[in-house]
Amino acid sequence: MDEELTYVNDAGLRLDGRKVDELRPIKITPSVLTRAEGSCYLEWGRNKILVGVYGPREALPQHIQDPTKSIVNFVYRMASFSVPERRNPRPARRDIEISMVCSNALERALLVNRFPNTKIDIFTYIMDSNAGTRVAALTAASVALADAGIPMTDLVSSVAIGRAGGTLITDLTKEEEDAPDAVDMAFAMLPNTEEIVLMQMDGEITKAEFDELVELGSKSCKKVYEFQKDALKGKFKQNDESVN
Amino acid sequence: MDEELTYVNDAGLRLDGRKVDELRPIKITPSVLTRAEGSCYLEWGRNKILVGVYGPREALPQHIQDPTKSIVNFVYRMASFSVPERRNPRPARRDIEISMVCSNALERALLVNRFPNTKIDIFTYIMDSNAGTRVAALTAASVALADAGIPMTDLVSSVAIGRAGGTLITDLTKEEEDAPDAVDMAFAMLPNTEEIVLMQMDGEITKAEFDELVELGSKSCKKVYEFQKDALKGKFKQNDESVN
Amino acid sequence: MDEELTYVNDAGLRLDGRKVDELRPIKITPSVLTRAEGSCYLEWGRNKILVGVYGPREALPQHIQDPTKSIVNFVYRMASFSVPERRNPRPARRDIEISMVCSNALERALLVNRFPNTKIDIFTYIMDSNAGTRVAALTAASVALADAGIPMTDLVSSVAIGRAGGTLITDLTKEEEDAPDAVDMAFAMLPNTEEIVLMQMDGEITKAEFDELVELGSKSCKKVYEFQKDALKGKFKQNDESVN
Amino acid sequence: MESDSALWELKKEKVLAKMRENKRIDDRDFLQYRDIKIEQGLFQNAEGSCKVTLGETVVYAGVKMVPGDPYPDMPDEGTISVLAEFMPLASPTFEPGPPSKESNELARVVDRGIRGGKCLDSKALCIRAGEKVWVVFIDMYIANDGGNLFDAGSLASVGALLNAKIPKYEDDKLVQGEYSGDLEVKTLPILTTCAKIGNTIIADPSLVEEKAMSARFSATTLEDGRICAIQKGGAYSFTKDEVKRIMDISMEKGKELRNLLR
Amino acid sequence: MESDSALWELKKEKVLAKMRENKRIDDRDFLQYRDIKIEQGLFQNAEGSCKVTLGETVVYAGVKMVPGDPYPDMPDEGTISVLAEFMPLASPTFEPGPPSKESNELARVVDRGIRGGKCLDSKALCIRAGEKVWVVFIDMYIANDGGNLFDAGSLASVGALLNAKIPKYEDDKLVQGEYSGDLEVKTLPILTTCAKIGNTIIADPSLVEEKAMSARFSATTLEDGRICAIQKGGAYSFTKDEVKRIMDISMEKGKELRNLLR
Amino acid sequence: MESDSALWELKKEKVLAKMRENKRIDDRDFLQYRDIKIEQGLFQNAEGSCKVTLGETVVYAGVKMVPGDPYPDMPDEGTISVLAEFMPLASPTFEPGPPSKESNELARVVDRGIRGGKCLDSKALCIRAGEKVWVVFIDMYIANDGGNLFDAGSLASVGALLNAKIPKYEDDKLVQGEYSGDLEVKTLPILTTCAKIGNTIIADPSLVEEKAMSARFSATTLEDGRICAIQKGGAYSFTKDEVKRIMDISMEKGKELRNLLR
């Protein structure tokens, strides 16, 4: 398409002025809904995501219950108007896959063995999108889970990393994802133990690039983690204030 | 289409050189899968069919259970690439009907009353097709049931019979099924008692032809039965050898 | 379309010769089916409707049961050939809405609290249609419920009222529904207490017209009620005769 | 159904007991059909319609004709579609929802009889070769299940075709409510069903006889004595002699029923 | 839900008890709406968007405009489609999956108000007569169920239309991200809902009031005082006087809410 | 499954016990694959077909090529579709019905490898720019689940592509049974999967090892040593060092498996 675009200029800046390892602006607001047990509204670049959490609650119908643990049910959906071409509201195959890998990513952080026969529902809706929706949804999800007071060993922080115009970069925009040599890797980590809980990749890279991306992902997740902590501190601070 | 084709020549031979009552080559291999309790791979002319059997096992959900007998659940499916035009993998109305009549055909041979509240699952997949798939699947199914050691009073042997170019013939090919005057009858029998357990027909025939077809079907089923027995003998022979 | 049509002429007569508050011919025959517990065939103008009723019977699956009352399950369906353009037999969104509001309309008349954990099924099929099918189906439904001997405080009588060519009229035909200024209001009442149990409207009206329509609806429902009573009397009379 | 099953078991026993005395539960002859009533032209929006009452069984069939695309390999031939809706009012055991396998079987057997018997001339259903052909939709609605839905449904379907008109189609548009003529029906395929109860073959099984039967055999026959569709059903078997005899019955009964349509 | 039902039963009792003292559970006046907040233009990929907060209730609506085929009988008119998704995060009782009948009703009532009130000029949505027209998709996403989803959803839908732009369409193609102008909104249909609790009529029922109500009545009204859609819901009844009175309330409340949109 | 779960629990324990002795349950080396058998060209109706036997695992893949419409934004490029059917005969726990999420994942991971690795030249699949392109359907049928369906399914898919011919397309029609040439395969993307059991990384997990593993990591690699798709699965985590090491394993094992295809 735009093969002549310069994705990173001589000053090391990207099309939107960011440095190669710089995140887009992130704004996280927990506790935005009253019915859900935990919730979060996250703006990440032009992505806007709403998350609501319920559980642990009885897993129904009964035959899906696991007597050894709580089922983590992360659901990823896109609003029909969240993409340039209207999207059929029924879940696409992509949505089902994302829901599955993100459920897996969260399970590591949740103390699922404490709650046999239950499930923890995490409903995430992409209301507006511009690249990196799954990592944004996953990032918002752990905030909503914390908001719900569901016990976790750590948050899950997530970010997309990849390549555009030959350079490895963090947090790609849609424009960068459309680069002719684009590589897009969804990455999630428990920030305190550096355990990788999500990794998916499209595009072609060398082993050296892979190794570098893993480090970039890890570094970027820690930045995301700061936003999550701040959001939750803000919340708990507010709570403290409201107690006084 | 090909109204000028001579379906049976002066020497009494058909387009593929067979005699009117001759079967296409049949090759039956039981025990081809390790997970299924019984299985069979059958090649019949250009038809290739894979069958796996489970049961009697608990029929679920519970409300489908029959306290008087085991439910025979024959499932007929076609692989998407088993026909000239790609087939949608979802079951077609034709598949549902074939599954129903073949379930009925097998029930007569199975001692269903011995296993109340259970079901016997027979999954048959057409991997490649050239006319007569349902009778081939039914023929393979009883071998797989025997392979699973599920008690039966008899095997079920099955064959297609019909008419092309004015002559009654056995085991039609696709080319013969496309004859302008084609008649296609699916026929299945318990070979030892000559009990007819499946009969379906398309096309127009006279009563005299019908009577003749019934005899041709019966005779041909007995030939099919020999292939089934040989396949199972081969299997049990092998087993004997492996015991020594 | 036909903007020049005179919907009500100088003599106060409509396109089909009816007066503004006159109903089309109505013919109600209860007890037309033997398997259903109650049934009714209704012809109303060119609408032809078949209704069958079952219940109160156990509501299944169990989780839908309401321990405080019987679930009223009115189902509205249109035969594929009941409209000018063939209709897909699957229920449309319109059918689902009509089923819901008509279930509500009947619940008021049924002594639902007497039959906890059960449901009352009322299946209505439009076999031929010409405007006003939902009110015809609802009218037929209470006759079928009475035929089934299900206890009710009152029948539900129903009628469409509206506007065509500037005049408020009762029981619109398809032609009148297509008037450029058409208003169509579905209306149902318990005729003895004048309680309104169904009201839906499309089109634009003034408050004065609304008030007038409510009165017209109420008046017309009472006429419909007479047809219902006569039909049921005919039935019970017949029963008396057959006793002798 | 659960709560009724004991009742049906009793009724079934009665059928079998009577059968042992060589009698049917309703005292019909073994090969006698129940009373049949055929009503055509009931519905204005259907191109053709027919209601068949066969004993307690009631089936409606309606025909709609819709301009559609031809199949690439048959550019000048119209197509037909046959469906059956088991209305949940027809039996306490019928459930709303997608077609059951029983409904699928009924529709497909009726379809094969009409198609195999060349009831309609598919080339006459061509509007413009390679572009537009008539799709003939035949939809059965089962209103009361009193047994032998096959024969009642098939009869209603052919009855609706006999009653059908072809809509006017002008300037690539359907003219609603106007017709260009009658749909031509070339043959009258008649489906007749026999049931095997014990070792006895009976025609036109009623619902309770269906509960007692071990297998059924259906055949569609034509005016000229030919057979154009066959379907064996049920979990039990027939002997060769039985199926040959049933085929004779089918032709005889086919004639009887065909006369009711004319 | 099961485990909550006793709790809701208690809450419902409180509503009724307060009502007997002529008071609402949240001390609102009988005809008073909860606080309303309207935010428009939230999402860049939507042609128009709006979030409505009505007390605890939160609804998002988004508009997408897609070039599509006209209906054969209306070759020069655009079409609209209205859907509602009850996001399972909005209530512990909402379940993922195909639209519920409640969601279907909400969408259809909002649809009728917009259509019946001629909110959009369907002829202005024609791109090329007989070939291409705009399909206006209005999709509601219920984010928090605090009761009276009808009024919140309708308001959000009209709010999103008011905020919508028409995409640029050139050489038979949509130019992503560019717009040819604003979508013209001709009228502002406002849906207002009253509930009947005991014999009292209240406006804007909250969730707990919906549990306590016996019936509801919704009407969509226009600037000029006309009524363009009506829907009675719930299992109980209204008297003739009640519906006439509610219609007066609807017009008054319609004005109030309409002012918030401008 | 229920009744089996105790049995699986036992087997799983055995895997773990052996692992503590630094051994695999079947005595393979940690990075050793089970025996692999590749059979191509099995089915006449498929444009290409391949059966892969990997230990007990058996997967069939078939290719069908269908003329279809191009995407508006890629008018001169063919498209591919990858699906996986978990045949219910392959495992007592597979159920008939719509694709499970496991089947969806398998298909999507194989799809990304083939697409990301530019295995096919999408422009070579153009029949007539903007009008007709080839749609390449790759359908996997899982016949026996012995573990590691990813690697077996991916290998079978590429094997079927290598074996595929392009149907003859003349005068806007497919000529059934005739071919215009072989489908050109540009690269051989090979998917390899490692599992983590305890802290040990093993290649090609068998079914029982899958029950015992805490997480898996799959990568698709190409001839030139590049990685073209990655998927981490399972509920547990990997360290940074582990994923880097697994990537080395993937390349090595990729070479091994690729040699079997040639």
# chains A, B, ... in the order shown; residues from 1 in each chain; ligands from 1
call {"tool": "closest_atom_pairs", "arguments": {"of": "chain C", "to": "chain A", "cutoff": "12 Å", "atoms": "only C-alpha atoms", "output": "CSV"}}
result
residue,atom,partner,partner_atom,distance
C:Pro61,CA,A:Pro61,CA,11.7
C:Gln62,CA,A:Pro61,CA,11.9
C:His63,CA,A:Pro61,CA,10.1
call {"tool": "write_last_selection", "arguments": {"atoms": "C-alpha atoms", "output": "mmCIF file, in the first residue's frame"}}
result
data_model
loop_
_atom_site.group_PDB
_atom_site.id
_atom_site.type_symbol
_atom_site.label_atom_id
_atom_site.label_comp_id
_atom_site.auth_asym_id
_atom_site.auth_seq_id
_atom_site.Cartn_x
_atom_site.Cartn_y
_atom_site.Cartn_z
ATOM 1 C CA PRO C 61 -36.328 -27.361 31.029
ATOM 2 C CA GLN C 62 -36.767 -26.975 34.757
ATOM 3 C CA HIS C 63 -34.770 -23.778 35.055
#
call {"tool": "residues_around", "arguments": {"residues": "Leu5 in chain C", "least_positions_apart": "6", "cutoff": "9 Å", "atoms": "only C-alpha atoms", "output": "mmCIF file with C-alpha atoms, in the first residue's frame"}}
result
data_model
loop_
_atom_site.group_PDB
_atom_site.id
_atom_site.type_symbol
_atom_site.label_atom_id
_atom_site.label_comp_id
_atom_site.auth_asym_id
_atom_site.auth_seq_id
_atom_site.Cartn_x
_atom_site.Cartn_y
_atom_site.Cartn_z
ATOM 1 C CA LEU C 15 -63.378 0.787 -0.129
ATOM 2 C CA GLY C 165 -57.588 8.971 4.380
ATOM 3 C CA ALA C 179 -52.813 4.553 2.951
#
call {"tool": "interface_residues", "arguments": {"of": "chain F", "to": "chain B", "cutoff": "6 Å", "atoms": "only C-alpha atoms", "output": "number ranges by chain"}}
result
F: 43, 45-46, 62, 64, 89, 91
call {"tool": "write_last_selection", "arguments": {"atoms": "N, CA and C atoms", "output": "short mmCIF file (atom, residue, chain, number, x, y, z; two decimals), in the first residue's frame"}}
result
data_model
loop_
_atom_site.label_atom_id
_atom_site.label_comp_id
_atom_site.auth_asym_id
_atom_site.auth_seq_id
_atom_site.Cartn_x
_atom_site.Cartn_y
_atom_site.Cartn_z
N PHE F 43 -7.18 -38.94 -2.32
CA PHE F 43 -8.59 -38.81 -2.69
C PHE F 43 -8.74 -38.14 -4.05
N ASN F 45 -11.48 -36.75 -5.46
CA ASN F 45 -12.30 -35.54 -5.55
C ASN F 45 -11.62 -34.32 -4.95
N ALA F 46 -10.62 -34.53 -4.13
CA ALA F 46 -9.88 -33.40 -3.56
C ALA F 46 -8.84 -32.93 -4.58
N GLY F 62 -7.49 -31.96 3.15
CA GLY F 62 -7.85 -31.94 1.74
C GLY F 62 -7.94 -30.52 1.26
N LYS F 64 -9.62 -28.02 -1.66
CA LYS F 64 -10.55 -27.78 -2.76
C LYS F 64 -10.32 -26.36 -3.25
N LEU F 89 -15.26 -39.42 15.96
CA LEU F 89 -14.68 -40.75 16.10
C LEU F 89 -13.24 -40.68 16.60
N SER F 91 -12.00 -39.26 19.24
CA SER F 91 -11.81 -39.23 20.69
C SER F 91 -13.17 -39.38 21.35
#
call {"tool": "interface_residues", "arguments": {"of": "chain E", "to": "chain F", "cutoff": "12 Å", "atoms": "only C-alpha atoms", "output": "NGL selection string"}}
result
:E and (172-176)
call {"tool": "residues_around", "arguments": {"residues": "range 107-114 of chain F", "least_positions_apart": "5", "cutoff": "10 Å", "atoms": "only C-alpha atoms", "output": "ChimeraX atom specification"}}
result
/A:93-94,97,200-204 /F:80-85,101-102,119-120,138-140,150-151,153-155,157-158,187-191,218-222,227-231
call {"tool": "select_by_dssp", "arguments": {"residues": "range 17-229 of chain A", "states": "strand (DSSP E or B)", "output": "PyMOL selection string"}}
result
chain A and resi 19+26-30+38-44+47-58+71-78+110+118-128+152+157-164+167-170+183-190+195-205
call {"tool": "select_by_dssp", "arguments": {"residues": "range 6-210 of chain F", "states": "helix (DSSP H, G or I)", "output": "ChimeraX atom specification"}}
result
/F:6-20,88-90,101-116,122-125,149-162,207-210
call {"tool": "residues_around", "arguments": {"residues": "Thr53 in chain D", "least_positions_apart": "4", "cutoff": "8 Å", "atoms": "only C-alpha atoms", "output": "ChimeraX atom specification"}}
result
/D:35-38,57-59,152
call {"tool": "residues_around", "arguments": {"residues": "range 225-232 of chain C", "least_positions_apart": "4", "cutoff": "8 Å", "atoms": "only C-alpha atoms", "output": "short mmCIF file (atom, residue, chain, number, x, y, z; two decimals) with N, CA and C atoms, in the first residue's frame"}}
result
data_model
loop_
_atom_site.label_atom_id
_atom_site.label_comp_id
_atom_site.auth_asym_id
_atom_site.auth_seq_id
_atom_site.Cartn_x
_atom_site.Cartn_y
_atom_site.Cartn_z
N ILE C 26 -66.52 -12.20 10.57
CA ILE C 26 -65.73 -13.04 11.48
C ILE C 26 -66.45 -14.37 11.66
N LYS C 27 -65.67 -15.46 11.51
CA LYS C 27 -66.25 -16.79 11.72
C LYS C 27 -65.31 -17.57 12.62
N ILE C 28 -65.81 -18.01 13.75
CA ILE C 28 -64.97 -18.67 14.74
C ILE C 28 -65.46 -20.10 14.96
N THR C 29 -64.58 -21.07 14.80
CA THR C 29 -64.95 -22.46 15.05
C THR C 29 -64.02 -23.07 16.09
N PRO C 30 -64.52 -23.31 17.29
CA PRO C 30 -63.64 -23.93 18.29
C PRO C 30 -63.56 -25.45 18.04
N THR C 139 -57.54 -13.00 19.45
CA THR C 139 -58.97 -13.27 19.60
C THR C 139 -59.25 -14.76 19.53
N VAL C 143 -60.49 -18.04 22.62
CA VAL C 143 -61.51 -19.07 22.36
C VAL C 143 -60.90 -20.46 22.53
N ALA C 146 -60.51 -21.19 26.19
CA ALA C 146 -61.81 -21.56 26.78
C ALA C 146 -62.16 -22.98 26.34
N ASP C 147 -61.90 -23.29 25.08
CA ASP C 147 -62.17 -24.64 24.57
C ASP C 147 -61.40 -25.69 25.36
N LEU C 155 -62.62 -13.39 28.73
CA LEU C 155 -61.93 -13.58 27.45
C LEU C 155 -61.06 -12.36 27.18
N VAL C 156 -60.19 -12.46 26.20
CA VAL C 156 -59.49 -11.29 25.68
C VAL C 156 -60.01 -11.06 24.27
N SER C 157 -60.53 -9.87 24.04
CA SER C 157 -61.05 -9.53 22.71
C SER C 157 -60.12 -8.51 22.11
N PRO C 191 -63.22 -7.62 27.84
CA PRO C 191 -64.44 -6.88 27.48
C PRO C 191 -65.34 -6.55 28.67
N CYS C 221 -63.96 -3.91 20.35
CA CYS C 221 -63.64 -5.15 21.07
C CYS C 221 -64.91 -5.82 21.57
N PHE C 236 -70.77 -25.18 23.27
CA PHE C 236 -71.30 -25.83 24.46
C PHE C 236 -72.71 -26.35 24.22
#
call {"tool": "residues_around", "arguments": {"residues": "Asp181 in chain B", "least_positions_apart": "3", "cutoff": "12 Å", "atoms": "only C-alpha atoms", "output": "list in words"}}
result
Met1, Asp2, Glu3, Glu4, Leu5, Tyr7, Gly162, Arg163, Ala164, Gly165, Gly166, Thr167, Leu168, Glu176, Glu177, Asp178, Asp184, Asp202, Gly203, Glu204 and Ile205 of chain B; Gly116 and Cys228 of chain D
call {"tool": "write_last_selection", "arguments": {"atoms": "N, CA, C and O atoms", "output": "mmCIF file, in the first residue's frame"}}
result
data_model
loop_
_atom_site.group_PDB
_atom_site.id
_atom_site.type_symbol
_atom_site.label_atom_id
_atom_site.label_comp_id
_atom_site.auth_asym_id
_atom_site.auth_seq_id
_atom_site.Cartn_x
_atom_site.Cartn_y
_atom_site.Cartn_z
ATOM 1 N N MET B 1 -27.900 -36.069 -20.453
ATOM 2 C CA MET B 1 -26.520 -35.658 -20.706
ATOM 3 C C MET B 1 -25.934 -36.500 -21.851
ATOM 4 O O MET B 1 -25.886 -36.114 -22.991
ATOM 5 N N ASP B 2 -25.574 -37.713 -21.423
ATOM 6 C CA ASP B 2 -24.855 -38.577 -22.370
ATOM 7 C C ASP B 2 -25.807 -39.644 -22.846
ATOM 8 O O ASP B 2 -25.619 -40.828 -22.617
ATOM 9 N N GLU B 3 -26.820 -39.231 -23.555
ATOM 10 C CA GLU B 3 -27.897 -40.157 -23.880
ATOM 11 C C GLU B 3 -27.431 -41.242 -24.841
ATOM 12 O O GLU B 3 -28.082 -42.259 -25.022
ATOM 13 N N GLU B 4 -26.289 -41.016 -25.448
ATOM 14 C CA GLU B 4 -25.863 -42.003 -26.433
ATOM 15 C C GLU B 4 -24.908 -43.046 -25.849
ATOM 16 O O GLU B 4 -24.479 -43.956 -26.532
ATOM 17 N N LEU B 5 -24.597 -42.912 -24.602
ATOM 18 C CA LEU B 5 -23.733 -43.909 -23.967
ATOM 19 C C LEU B 5 -24.387 -45.287 -24.021
ATOM 20 O O LEU B 5 -25.603 -45.418 -23.867
ATOM 21 N N TYR B 7 -24.653 -48.303 -21.853
ATOM 22 C CA TYR B 7 -24.314 -48.631 -20.472
ATOM 23 C C TYR B 7 -23.943 -50.096 -20.295
ATOM 24 O O TYR B 7 -23.159 -50.435 -19.419
ATOM 25 N N GLY B 162 -29.807 -51.034 -9.272
ATOM 26 C CA GLY B 162 -30.579 -50.068 -10.025
ATOM 27 C C GLY B 162 -30.613 -50.376 -11.490
ATOM 28 O O GLY B 162 -30.503 -51.545 -11.905
ATOM 29 N N ARG B 163 -30.735 -49.339 -12.276
ATOM 30 C CA ARG B 163 -30.873 -49.508 -13.713
ATOM 31 C C ARG B 163 -30.124 -48.413 -14.436
ATOM 32 O O ARG B 163 -30.101 -47.257 -13.987
ATOM 33 N N ALA B 164 -29.503 -48.758 -15.520
ATOM 34 C CA ALA B 164 -28.924 -47.750 -16.419
ATOM 35 C C ALA B 164 -29.006 -48.304 -17.822
ATOM 36 O O ALA B 164 -28.719 -49.496 -18.041
ATOM 37 N N GLY B 165 -29.416 -47.484 -18.762
ATOM 38 C CA GLY B 165 -29.537 -47.946 -20.147
ATOM 39 C C GLY B 165 -30.444 -49.135 -20.282
ATOM 40 O O GLY B 165 -30.200 -50.029 -21.107
ATOM 41 N N GLY B 166 -31.485 -49.220 -19.464
ATOM 42 C CA GLY B 166 -32.485 -50.268 -19.636
ATOM 43 C C GLY B 166 -32.151 -51.574 -18.952
ATOM 44 O O GLY B 166 -32.996 -52.471 -18.891
ATOM 45 N N THR B 167 -30.948 -51.706 -18.413
ATOM 46 C CA THR B 167 -30.573 -52.974 -17.789
ATOM 47 C C THR B 167 -30.466 -52.822 -16.279
ATOM 48 O O THR B 167 -29.965 -51.801 -15.787
ATOM 49 N N LEU B 168 -30.905 -53.851 -15.592
ATOM 50 C CA LEU B 168 -30.754 -53.836 -14.131
ATOM 51 C C LEU B 168 -29.328 -54.241 -13.788
ATOM 52 O O LEU B 168 -28.815 -55.234 -14.303
ATOM 53 N N GLU B 176 -23.137 -44.201 -14.122
ATOM 54 C CA GLU B 176 -24.376 -44.955 -14.323
ATOM 55 C C GLU B 176 -25.553 -44.291 -13.619
ATOM 56 O O GLU B 176 -26.672 -44.299 -14.119
ATOM 57 N N GLU B 177 -25.278 -43.706 -12.473
ATOM 58 C CA GLU B 177 -26.345 -42.973 -11.760
ATOM 59 C C GLU B 177 -26.846 -41.785 -12.573
ATOM 60 O O GLU B 177 -27.943 -41.293 -12.348
ATOM 61 N N ASP B 178 -26.005 -41.286 -13.471
ATOM 62 C CA ASP B 178 -26.398 -40.133 -14.284
ATOM 63 C C ASP B 178 -27.068 -40.542 -15.588
ATOM 64 O O ASP B 178 -27.377 -39.685 -16.419
ATOM 65 N N ASP B 184 -31.904 -45.827 -8.830
ATOM 66 C CA ASP B 184 -30.895 -46.078 -7.806
ATOM 67 C C ASP B 184 -31.602 -46.538 -6.544
ATOM 68 O O ASP B 184 -32.427 -45.812 -5.992
ATOM 69 N N ASP B 202 -34.948 -44.007 -5.822
ATOM 70 C CA ASP B 202 -35.257 -42.877 -6.699
ATOM 71 C C ASP B 202 -35.349 -43.402 -8.119
ATOM 72 O O ASP B 202 -34.621 -44.332 -8.477
ATOM 73 N N GLY B 203 -36.142 -42.747 -8.941
ATOM 74 C CA GLY B 203 -36.268 -43.148 -10.344
ATOM 75 C C GLY B 203 -37.531 -43.944 -10.547
ATOM 76 O O GLY B 203 -38.225 -44.272 -9.582
ATOM 77 N N GLU B 204 -37.855 -44.262 -11.787
ATOM 78 C CA GLU B 204 -39.119 -44.938 -12.089
ATOM 79 C C GLU B 204 -38.888 -46.368 -12.549
ATOM 80 O O GLU B 204 -38.142 -46.604 -13.488
ATOM 81 N N ILE B 205 -39.575 -47.306 -11.912
ATOM 82 C CA ILE B 205 -39.468 -48.692 -12.346
ATOM 83 C C ILE B 205 -40.832 -49.370 -12.365
ATOM 84 O O ILE B 205 -41.785 -48.898 -11.734
ATOM 85 N N GLY D 116 -39.196 -37.620 -8.648
ATOM 86 C CA GLY D 116 -38.978 -38.888 -9.354
ATOM 87 C C GLY D 116 -40.130 -39.191 -10.303
ATOM 88 O O GLY D 116 -39.929 -39.768 -11.371
ATOM 89 N N CYS D 228 -42.127 -44.741 -8.305
ATOM 90 C CA CYS D 228 -41.136 -43.680 -8.483
ATOM 91 C C CYS D 228 -40.413 -43.274 -7.204
ATOM 92 O O CYS D 228 -39.567 -42.386 -7.229
#
call {"tool": "decode", "arguments": {"residues": "range 4-15 of chain B", "atoms": "N, CA, C and O atoms", "output": "PDB file, in the first residue's frame"}}
result
ATOM      1  N   GLU B   4     -26.289 -41.016 -25.448  1.00  0.00           N
ATOM      2  CA  GLU B   4     -25.863 -42.003 -26.433  1.00  0.00           C
ATOM      3  C   GLU B   4     -24.908 -43.046 -25.849  1.00  0.00           C
ATOM      4  O   GLU B   4     -24.479 -43.956 -26.532  1.00  0.00           O
ATOM      5  N   LEU B   5     -24.597 -42.912 -24.602  1.00  0.00           N
ATOM      6  CA  LEU B   5     -23.733 -43.909 -23.967  1.00  0.00           C
ATOM      7  C   LEU B   5     -24.387 -45.287 -24.021  1.00  0.00           C
ATOM      8  O   LEU B   5     -25.603 -45.418 -23.867  1.00  0.00           O
ATOM      9  N   THR B   6     -23.583 -46.301 -24.207  1.00  0.00           N
ATOM     10  CA  THR B   6     -24.077 -47.676 -24.109  1.00  0.00           C
ATOM     11  C   THR B   6     -23.666 -48.201 -22.741  1.00  0.00           C
ATOM     12  O   THR B   6     -22.488 -48.452 -22.486  1.00  0.00           O
ATOM     13  N   TYR B   7     -24.653 -48.303 -21.853  1.00  0.00           N
ATOM     14  CA  TYR B   7     -24.314 -48.631 -20.472  1.00  0.00           C
ATOM     15  C   TYR B   7     -23.943 -50.096 -20.295  1.00  0.00           C
ATOM     16  O   TYR B   7     -23.159 -50.435 -19.419  1.00  0.00           O
ATOM     17  N   VAL B   8     -24.518 -50.933 -21.137  1.00  0.00           N
ATOM     18  CA  VAL B   8     -24.130 -52.347 -21.129  1.00  0.00           C
ATOM     19  C   VAL B   8     -23.940 -52.754 -22.584  1.00  0.00           C
ATOM     20  O   VAL B   8     -24.860 -52.603 -23.403  1.00  0.00           O
ATOM     21  N   ASN B   9     -22.746 -53.250 -22.926  1.00  0.00           N
ATOM     22  CA  ASN B   9     -22.490 -53.536 -24.350  1.00  0.00           C
ATOM     23  C   ASN B   9     -22.950 -54.934 -24.747  1.00  0.00           C
ATOM     24  O   ASN B   9     -23.521 -55.673 -23.926  1.00  0.00           O
ATOM     25  N   ASP B  10     -22.743 -55.262 -25.994  1.00  0.00           N
ATOM     26  CA  ASP B  10     -23.256 -56.528 -26.500  1.00  0.00           C
ATOM     27  C   ASP B  10     -22.677 -57.723 -25.749  1.00  0.00           C
ATOM     28  O   ASP B  10     -23.323 -58.770 -25.628  1.00  0.00           O
ATOM     29  N   ALA B  11     -21.474 -57.534 -25.235  1.00  0.00           N
ATOM     30  CA  ALA B  11     -20.850 -58.625 -24.476  1.00  0.00           C
ATOM     31  C   ALA B  11     -21.371 -58.668 -23.036  1.00  0.00           C
ATOM     32  O   ALA B  11     -20.865 -59.424 -22.209  1.00  0.00           O
ATOM     33  N   GLY B  12     -22.337 -57.807 -22.741  1.00  0.00           N
ATOM     34  CA  GLY B  12     -22.894 -57.791 -21.378  1.00  0.00           C
ATOM     35  C   GLY B  12     -21.992 -57.085 -20.392  1.00  0.00           C
ATOM     36  O   GLY B  12     -22.118 -57.261 -19.183  1.00  0.00           O
ATOM     37  N   LEU B  13     -21.090 -56.249 -20.908  1.00  0.00           N
ATOM     38  CA  LEU B  13     -20.164 -55.566 -20.007  1.00  0.00           C
ATOM     39  C   LEU B  13     -20.517 -54.078 -19.882  1.00  0.00           C
ATOM     40  O   LEU B  13     -20.996 -53.458 -20.831  1.00  0.00           O
ATOM     41  N   ARG B  14     -20.228 -53.551 -18.716  1.00  0.00           N
ATOM     42  CA  ARG B  14     -20.574 -52.163 -18.428  1.00  0.00           C
ATOM     43  C   ARG B  14     -19.412 -51.233 -18.785  1.00  0.00           C
ATOM     44  O   ARG B  14     -18.339 -51.662 -19.185  1.00  0.00           O
ATOM     45  N   LEU B  15     -19.644 -49.937 -18.630  1.00  0.00           N
ATOM     46  CA  LEU B  15     -18.644 -48.936 -19.039  1.00  0.00           C
ATOM     47  C   LEU B  15     -17.278 -49.187 -18.404  1.00  0.00           C
ATOM     48  O   LEU B  15     -16.242 -48.924 -19.018  1.00  0.00           O
TER      49      LEU B  15
END
